[in-house]
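Visitor: After the structure tokens below, expect a handful of questions from me.
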2 protein chains.
Amino acid sequence: MGAERFRAAVEAGDHAGMVEQLAADVVFRTPVSFRPFEGREAVAHVLGAVLRVLSDFRYTDELVGENGRRHALVFEATVGDREVQGMDLLRLNDDGLIAEFTVMVRPLSATLALRDAMGRELGLVS
Amino acid sequence: MGAERFRAAVEAGDHAGMVEQLAADVVFRTPVSFRPFEGREAVAHVLGAVLRVLSDFRYTDELVGENGRRHALVFEATVGDREVQGMDLLRLNDDGLIAEFTVMVRPLSATLALRDAMGRELGLVS
């Protein structure tokens with residue numbers, strides 16, 4: 001089951017294990033940008049940066065919908081000195097791999113801190 | 001069931017019906033501010049402003065967790081000329097009323113537009 005394996009990989013800090021659960025044509029929507037990232041390679045790159053940017057990451061709740069095809073993993077973490085509350089919203093394909101991956105966070109101070117930290121991590125800003 | 005009735009009230013634009021599903025001691029966390037709003041009266045005021053600020057509101061997905069106590073209602077809407085994707089994350093109390101209500105939205109452009117529109121609506125900014 002893609003969502004369980006993905007969660008276990010995140011909790012182990014296992015980047016390769018996370019990427020294994022992504023469909024080749026995965027679409028990833030970040031909390032910050034309107035435009036999605038597409039494809040396993042691009043998303044793997046972003047997820048690597050997320051792992052480096054978020055501290056004290058823990059999943060606090062899990063919800064399921066659409067006959068098990070849709071999962072919401074609610075999390076808490078910190079980015080710098082800001083507390084983040086967020087959610088990974090996953091949709092699985094017929095192979096149980098993650099085909100759609102949408103992340104939302106709150107509050108605004110956390111979204112801004114995440115934008116800045118991710119920008120530095122991905123080399124978008126200095 | 002509080003979540004179903006709340007969803008129906010939102011879809012009908014029925015503010016009183018939404019407020020009926022809130023526990024007296026409801027805690028409401030917005031996408032913008034760190035500090036929650038507490039109590040049915042305060043949250044009713046904020047939800048009224050949300051109804052006025054968001055256009056083309058529709059729920060697109062529903063997920064359930066914690067033996068039916070936790071619901072995630074995924075939505076799309078517009079605020080001004082910005083597209084918003086978001087989620088109402090609800091926790092019900094023993095009476096089936098909404099005791100915790102957390103809202104997250106994306107992308108950042110939508111969070112900022114929502115902050116500005118809500119600030120105007122609630123009289124926090126001119």
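By order of appearance in the structure tokens: chains A, B, ..., then residues from 1 within every chain, and ligands from 1 in the order shown.
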How would you write, as a PyMOL selection string, the set of residues in chain B that DSSP gives as strand (DSSP E)?
Guide: chain B and resi 22-29+37-38+55-65+70-79+82-92+98-106
Visitor: At most 8 Å is the cut-off: for each residue in region 39-72 of chain A with any atom that close to an atom of region 78-91 of chain A, write down the nearest atom pair and the distance in Å rounded to one decimal, counting only C-alpha atoms, chain first then increasing number, as a tab-separated table.
Guide:
residue	atom	partner	partner_atom	distance
A:Val53	CA	A:Val79	CA	6.2
A:Leu54	CA	A:Val79	CA	5.0
A:Ser55	CA	A:Thr78	CA	5.1
A:Asp56	CA	A:Thr78	CA	6.1
A:Phe57	CA	A:Thr78	CA	7.1
A:Arg69	CA	A:Arg91	CA	5.6
A:Arg70	CA	A:Arg91	CA	4.6
A:His71	CA	A:Leu90	CA	5.1
A:Ala72	CA	A:Leu89	CA	4.5
Visitor: Can you list every residue of chain B that has an atom at most 6 Å from chain A, with its nearest atom pair and the distance in Å to one decimal, using only C-alpha atoms, ordered by chain then number, as JSON lines?
Guide:
{"residue": "B:Pro31", "atom": "CA", "partner": "A:Arg106", "partner_atom": "CA", "distance": 5.0}
{"residue": "B:Val32", "atom": "CA", "partner": "A:Leu108", "partner_atom": "CA", "distance": 4.5}
{"residue": "B:Ser33", "atom": "CA", "partner": "A:Pro107", "partner_atom": "CA", "distance": 5.4}
{"residue": "B:Phe34", "atom": "CA", "partner": "A:Pro107", "partner_atom": "CA", "distance": 5.4}
{"residue": "B:Leu63", "atom": "CA", "partner": "A:Gly65", "partner_atom": "CA", "distance": 4.2}
{"residue": "B:Val64", "atom": "CA", "partner": "A:Leu63", "partner_atom": "CA", "distance": 4.9}
{"residue": "B:Gly65", "atom": "CA", "partner": "A:Leu63", "partner_atom": "CA", "distance": 4.2}
{"residue": "B:Met104", "atom": "CA", "partner": "A:Arg106", "partner_atom": "CA", "distance": 5.8}
{"residue": "B:Val105", "atom": "CA", "partner": "A:Met104", "partner_atom": "CA", "distance": 5.9}
{"residue": "B:Arg106", "atom": "CA", "partner": "A:Pro31", "partner_atom": "CA", "distance": 5.0}
{"residue": "B:Pro107", "atom": "CA", "partner": "A:Val32", "partner_atom": "CA", "distance": 4.7}
{"residue": "B:Leu108", "atom": "CA", "partner": "A:Val32", "partner_atom": "CA", "distance": 4.6}
Visitor: Tell me, which residues of region 25-119 of chain A carry DSSP helix (DSSP H, G or I), written as a list in words?
Guide: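 Selecting the helix (DSSP H, G or I) positions of region 25-119 of chain A gives Arg40, Glu41, Ala42, Val43, Ala44, His45, Val46, Leu47, Gly48, Ala49, Val50, Leu51, Arg52, Val53, Glu66, Asn67, Gly68, Leu108, Ser109, Ala110, Thr111, Leu112, Ala113, Leu114, Arg115, Asp116, Ala117, Met118 and Gly119 of chain A.
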Visitor: Determine the nearest neighbour of Glu38 (chain A) from the options A:Val26, A:Ala117, A:Ala99, A:Ala77, counting only C-alpha atoms.
Guide: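 The shortest atom-to-atom distance to Glu38 (chain A) comes from A:Val26.
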Visitor: May I ask for the distance between CA of Ala9 (chain B) and CA of Leu73 (chain A), given in Å to one decimal place?
Guide: 26.1 Å
Visitor: How many Å separate CA of Leu97 (chain A) from CA of Thr60 (chain A)?
Guide: 22.1 Å
Visitor: Can you tell me, as a list in words, what residues are no more than 10 Å from region 40-42 of chain A when counting only C-alpha atoms, ignoring any on the same chain fewer than 4 positions away?
Guide: Val19, Glu20, Gln21, Leu22, Ala23, Ala24, Asp25, Val26, Val27, Phe28, Val46, Leu47, Ile98 and Ala99 of chain A
Visitor: Take the residues that were just selected and, keeping N, CA and C atoms, output them as an mmCIF file, in the first residue's frame.
Guide:
data_model
loop_
_atom_site.group_PDB
_atom_site.id
_atom_site.type_symbol
_atom_site.label_atom_id
_atom_site.label_comp_id
_atom_site.auth_asym_id
_atom_site.auth_seq_id
_atom_site.Cartn_x
_atom_site.Cartn_y
_atom_site.Cartn_z
ATOM 1 N N VAL A 19 10.681 7.877 -2.669
ATOM 2 C CA VAL A 19 10.628 8.016 -4.130
ATOM 3 C C VAL A 19 10.070 6.750 -4.781
ATOM 4 N N GLU A 20 10.356 5.581 -4.176
ATOM 5 C CA GLU A 20 9.844 4.296 -4.688
ATOM 6 C C GLU A 20 8.320 4.270 -4.751
ATOM 7 N N GLN A 21 7.673 5.045 -3.886
ATOM 8 C CA GLN A 21 6.209 5.021 -3.835
ATOM 9 C C GLN A 21 5.569 6.018 -4.794
ATOM 10 N N LEU A 22 6.381 6.756 -5.550
ATOM 11 C CA LEU A 22 5.850 7.731 -6.508
ATOM 12 C C LEU A 22 5.624 7.085 -7.868
ATOM 13 N N ALA A 23 4.489 7.364 -8.485
ATOM 14 C CA ALA A 23 4.280 6.953 -9.870
ATOM 15 C C ALA A 23 5.243 7.727 -10.778
ATOM 16 N N ALA A 24 5.579 7.160 -11.925
ATOM 17 C CA ALA A 24 6.522 7.823 -12.840
ATOM 18 C C ALA A 24 5.994 9.191 -13.271
ATOM 19 N N ASP A 25 4.673 9.299 -13.398
ATOM 20 C CA ASP A 25 4.079 10.557 -13.873
ATOM 21 C C ASP A 25 3.408 11.332 -12.733
ATOM 22 N N VAL A 26 3.923 11.178 -11.503
ATOM 23 C CA VAL A 26 3.349 11.858 -10.335
ATOM 24 C C VAL A 26 3.270 13.373 -10.547
ATOM 25 N N VAL A 27 2.185 13.950 -10.039
ATOM 26 C CA VAL A 27 2.002 15.406 -10.057
ATOM 27 C C VAL A 27 2.036 15.889 -8.603
ATOM 28 N N PHE A 28 2.939 16.826 -8.312
ATOM 29 C CA PHE A 28 3.182 17.279 -6.936
ATOM 30 C C PHE A 28 2.852 18.764 -6.823
ATOM 31 N N VAL A 46 12.586 17.681 -5.108
ATOM 32 C CA VAL A 46 11.882 18.561 -4.168
ATOM 33 C C VAL A 46 11.743 17.889 -2.802
ATOM 34 N N LEU A 47 11.391 16.596 -2.800
ATOM 35 C CA LEU A 47 11.216 15.892 -1.520
ATOM 36 C C LEU A 47 12.531 15.821 -0.745
ATOM 37 N N ILE A 98 1.777 6.639 -5.773
ATOM 38 C CA ILE A 98 1.244 7.989 -5.578
ATOM 39 C C ILE A 98 1.232 8.730 -6.911
ATOM 40 N N ALA A 99 0.036 9.024 -7.419
ATOM 41 C CA ALA A 99 -0.118 9.688 -8.710
ATOM 42 C C ALA A 99 -0.317 11.192 -8.545
#
